[in-house]
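Step one of this worksheet: look at the structure below.
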Amino acid sequence: MSTLLDVSHVSKRFSMGGILSRKYTDAVVDVSFSLQADHPEIFTIIGESGSGKTTLARMILGLETPSHGTITFAGKSTSEWKRRAARSDFMRRVQPVFQNPFEAFNPLKQVDRYLEATARRLLGATERKAVDAAMDEALQKVGLSLKEIKGRFAHELSGGQLQRVAIARALIPNPSLLIADEPVSMVDASLRMSIVNLLKRLRDDLNVSVIYITHDLATAYYISDRIIIMQKGYVVEMGPARAILESPEHAYSQLLKSSVLSIDTAGMGVLEPADRRMTEAAWSTMGRGRLEPRPDGRMVRVAA
Ligand SMILES: Nc1ncnc2c1ncn2[C@@H]1O[C@H](COP(=O)(O)OP(=O)(O)OP(=O)(O)O)[C@@H](O)[C@H]1O
């Protein structure tokens, strides 16, 4: 069994208010998990807005440097992958998909130009025929074709189509890991399942592992193999997705399950607690204790 990704005791502290300020935020605190190369899975990171999901993803992508701990991908640390010679190889193997496909594409540039640039840069394709074949192959994987999108601008496609184009772009170099940060939150509810099912197919048919970042428990339940629940940077519960989402043990996981997304702050991942006592219980334990294993394979943060 070889390890694809290993995140070991990773923390990130941001200082706030300038370099002389003593104020800081612990965005991620002591997070550890690993993904195996020969066992593709959908590994989901769940938490409210501000719980540290994106910071963790950015550290895995090498876009932020951990304050503590190490991250290795295919045996090499992120600092080694950052070196110029290794960077393209890393990008061939790990690809991000971001939340808002309309922001990811310049409105004045035809979307196929993005795919073309990726095919040229990461696959080294130079001839028109090879570039088109690489683009079409990736688009077919997401249920589209080059013929359908060639020459079209972002505003000429639906949010769901555009997110599929973004995923196709990420698939061009045949990555082994996709990091999808809230890939469905800006997509119409009616099209959401098509993206979620697509992530599932990538795992099942193409052996791509997916780190799926979300605050949507319903889609997480539907596609995840394992989950991590984060509260203000801390992992409170992690392990088999179904077991945890069906019977969460930590007070914060229970609160998440019983909460609903707020209409006033739609799209921002702000949860409306169902019961004030649950909220108090969840926040009073924040950051306390250590992760303890359970017989069903989950780890739960318990008071020390
Ligand atoms: N560059 C930065 N400088 C200072 N603080 C930061 C920076 N990036 C993130 N933070 C802080 O770290 C914490 C975690 O932020 P992060 O974006 O990782 O959370 P998130 O769970 O992804 O939230 P969202 O769902 O809103 O994207 C927040 O308090 C945020 O304000």
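We label chains A, B, ... in the order they appear in the structure tokens, count residues from 1 in each chain, and number ligands from 1 in the order shown.
Every residue having at least one atom no farther than 6 Å from ligand 1 is included below, with only C-alpha atoms and all ligand atoms taken into account: Phe14, Met16, Ala27, Gly47, Glu48, Ser49, Gly50, Ser51, Gly52, Lys53, Thr54, Thr55 and Gly269 of chain A.
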Per residue of region 13-89 of chain A within 10 Å of region 166-180 of chain A, which atom pair is closest and at what distance in Å (one decimal), using only C-alpha atoms, listed by chain and increasing number, as a tab-separated table?
residue	atom	partner	partner_atom	distance
A:Leu35	CA	A:Leu177	CA	9.6
A:Ala37	CA	A:Ser176	CA	8.1
A:Pro40	CA	A:Ser176	CA	8.4
A:Glu41	CA	A:Leu177	CA	9.6
A:Ile42	CA	A:Leu178	CA	9.5
A:Phe43	CA	A:Ile179	CA	9.6
A:Thr44	CA	A:Ala180	CA	9.5
A:Thr54	CA	A:Ala180	CA	9.9
A:Ala57	CA	A:Ile179	CA	7.1
A:Arg58	CA	A:Ile179	CA	9.3
A:Ile60	CA	A:Ile179	CA	8.8
A:Leu61	CA	A:Ile179	CA	8.2
A:Phe73	CA	A:Leu177	CA	9.8
A:Asp89	CA	A:Pro173	CA	9.6
Next item on the list: For Phe102 (chain A), please output as number ranges by chain all residues within 8 Å (counting only C-alpha atoms; exclusion window: fewer than 4 positions along the same chain).
Entry: A: 106-107, 154-155, 159, 162
Margin query: Please compute the CA of Leu56 (chain A)-CA of Pro295 (chain A) distance, one decimal, in Å.
Written below: 27.1 Å
Item checked: Those of region 114-214 of chain A in DSSP alpha helix (DSSP H), formatted as number ranges by chain -> A: 114-123, 128-141, 146-149, 159-171, 189-206
Checklist line | d(CA of Met278 (chain A), CA of Met238 (chain A)) in Å | finding: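 Separation between CA of Met278 (chain A) and CA of Met238 (chain A): 19.8 Å.
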Notebook entry, point to check: Could you pull the residues within 9 Å of Val235 (chain A), counting only C-alpha atoms, minus those fewer than 3 positions along the same chain, as JSON, numbers by chain?
Noted result: {"A": [28, 29, 30, 31, 32, 228, 229, 230, 231, 232, 238, 287, 291, 300, 301]}
Per DSSP on the backbone, what are the strand (DSSP E) residues of region 43-288 of chain A, as a PDB file with C-alpha atoms, in the first residue's frame?
ATOM      1  CA  PHE A  43     -12.481  12.389   1.363  1.00  0.00           C
ATOM      2  CA  THR A  44     -14.694  15.191   2.554  1.00  0.00           C
ATOM      3  CA  ILE A  45     -13.839  18.141   4.766  1.00  0.00           C
ATOM      4  CA  ILE A  46     -16.943  19.609   6.391  1.00  0.00           C
ATOM      5  CA  HIS A  68       3.753  23.326  11.920  1.00  0.00           C
ATOM      6  CA  GLY A  69       3.645  19.795  10.609  1.00  0.00           C
ATOM      7  CA  THR A  70       4.366  18.254   7.234  1.00  0.00           C
ATOM      8  CA  ILE A  71       2.455  17.440   4.071  1.00  0.00           C
ATOM      9  CA  THR A  72       3.853  14.896   1.642  1.00  0.00           C
ATOM     10  CA  PHE A  73       2.447  13.925  -1.731  1.00  0.00           C
ATOM     11  CA  LYS A  76       7.823  14.246  -1.400  1.00  0.00           C
ATOM     12  CA  SER A  77       7.136  17.198   0.874  1.00  0.00           C
ATOM     13  CA  VAL A  94      -2.889  17.325  -8.132  1.00  0.00           C
ATOM     14  CA  GLN A  95      -5.491  19.660  -9.566  1.00  0.00           C
ATOM     15  CA  PRO A  96      -7.823  22.159  -7.893  1.00  0.00           C
ATOM     16  CA  VAL A  97     -11.447  22.910  -8.773  1.00  0.00           C
ATOM     17  CA  LEU A 177      -5.957  13.846  -6.784  1.00  0.00           C
ATOM     18  CA  LEU A 178      -8.591  16.514  -7.302  1.00  0.00           C
ATOM     19  CA  ILE A 179      -9.150  19.136  -4.610  1.00  0.00           C
ATOM     20  CA  ALA A 180     -12.657  20.464  -5.062  1.00  0.00           C
ATOM     21  CA  ASP A 181     -13.407  23.450  -2.825  1.00  0.00           C
ATOM     22  CA  SER A 209      -9.131  10.574  -5.353  1.00  0.00           C
ATOM     23  CA  VAL A 210     -11.157  13.638  -4.476  1.00  0.00           C
ATOM     24  CA  ILE A 211     -10.832  15.936  -1.495  1.00  0.00           C
ATOM     25  CA  TYR A 212     -14.326  17.400  -1.405  1.00  0.00           C
ATOM     26  CA  ILE A 213     -14.719  20.537   0.679  1.00  0.00           C
ATOM     27  CA  THR A 214     -18.228  21.514   1.628  1.00  0.00           C
ATOM     28  CA  ARG A 226     -14.504   9.344   4.797  1.00  0.00           C
ATOM     29  CA  ILE A 227     -15.061  12.753   6.350  1.00  0.00           C
ATOM     30  CA  ILE A 228     -13.373  15.190   8.645  1.00  0.00           C
ATOM     31  CA  ILE A 229     -15.576  17.584  10.607  1.00  0.00           C
ATOM     32  CA  MET A 230     -13.759  20.804  11.479  1.00  0.00           C
ATOM     33  CA  GLN A 231     -14.648  23.421  14.068  1.00  0.00           C
ATOM     34  CA  TYR A 234      -9.820  21.701  15.008  1.00  0.00           C
ATOM     35  CA  VAL A 235     -10.860  18.261  13.829  1.00  0.00           C
ATOM     36  CA  VAL A 236     -13.700  17.198  16.097  1.00  0.00           C
ATOM     37  CA  GLU A 237     -14.626  13.952  14.388  1.00  0.00           C
ATOM     38  CA  MET A 238     -13.193  11.994  11.463  1.00  0.00           C
ATOM     39  CA  GLY A 239     -13.661   8.595   9.888  1.00  0.00           C
ATOM     40  CA  PRO A 240     -16.259   6.628   7.876  1.00  0.00           C
ATOM     41  CA  VAL A 260     -29.996  24.269   8.521  1.00  0.00           C
ATOM     42  CA  LEU A 261     -28.371  26.690   6.133  1.00  0.00           C
ATOM     43  CA  LEU A 271     -25.629  27.549   9.713  1.00  0.00           C
ATOM     44  CA  GLU A 272     -28.757  28.256  11.707  1.00  0.00           C
TER      45      GLU A 272
END
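For Met1 (chain A), the non-local neighbours within 9 Å, defined as residues at least 5 positions apart in the same chain or in other chains and counting only C-alpha atoms, are Gln36, Ala37, Asp38 and His39 of chain A.
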Checklist line | Length of the CA of Pro293 (chain A) to CA of Thr279 (chain A) vector [Å] | finding: 24.2 Å
Checklist line | Non-local contacts of Tyr24 (chain A) (12 Å; only C-alpha atoms; under 6 positions in same chain excluded) as number ranges by chain | finding: A: 12-18
Selected residues, N, CA and C atoms, written as a CSV table (one decimal), in the first residue's frame, please.
chain,number,residue,atom,x,y,z
A,12,LYS,N,-1.9,25.9,10.9
A,12,LYS,CA,-1.6,27.2,10.2
A,12,LYS,C,-2.1,28.3,11.1
A,13,ARG,N,-1.2,29.2,11.5
A,13,ARG,CA,-1.5,30.4,12.2
A,13,ARG,C,-1.3,31.6,11.4
A,14,PHE,N,-2.3,32.4,11.2
A,14,PHE,CA,-2.1,33.7,10.5
A,14,PHE,C,-2.0,34.8,11.5
A,15,SER,N,-1.0,35.7,11.2
A,15,SER,CA,-1.0,36.9,12.1
A,15,SER,C,-1.9,37.9,11.4
A,16,MET,N,-2.5,38.7,12.3
A,16,MET,CA,-3.5,39.7,11.7
A,16,MET,C,-3.1,41.1,12.1
A,17,GLY,N,-3.4,42.0,11.3
A,17,GLY,CA,-3.2,43.4,11.7
A,17,GLY,C,-1.7,43.8,11.5
A,18,GLY,N,-1.0,43.3,10.5
A,18,GLY,CA,0.4,43.7,10.2
A,18,GLY,C,1.4,42.9,11.0
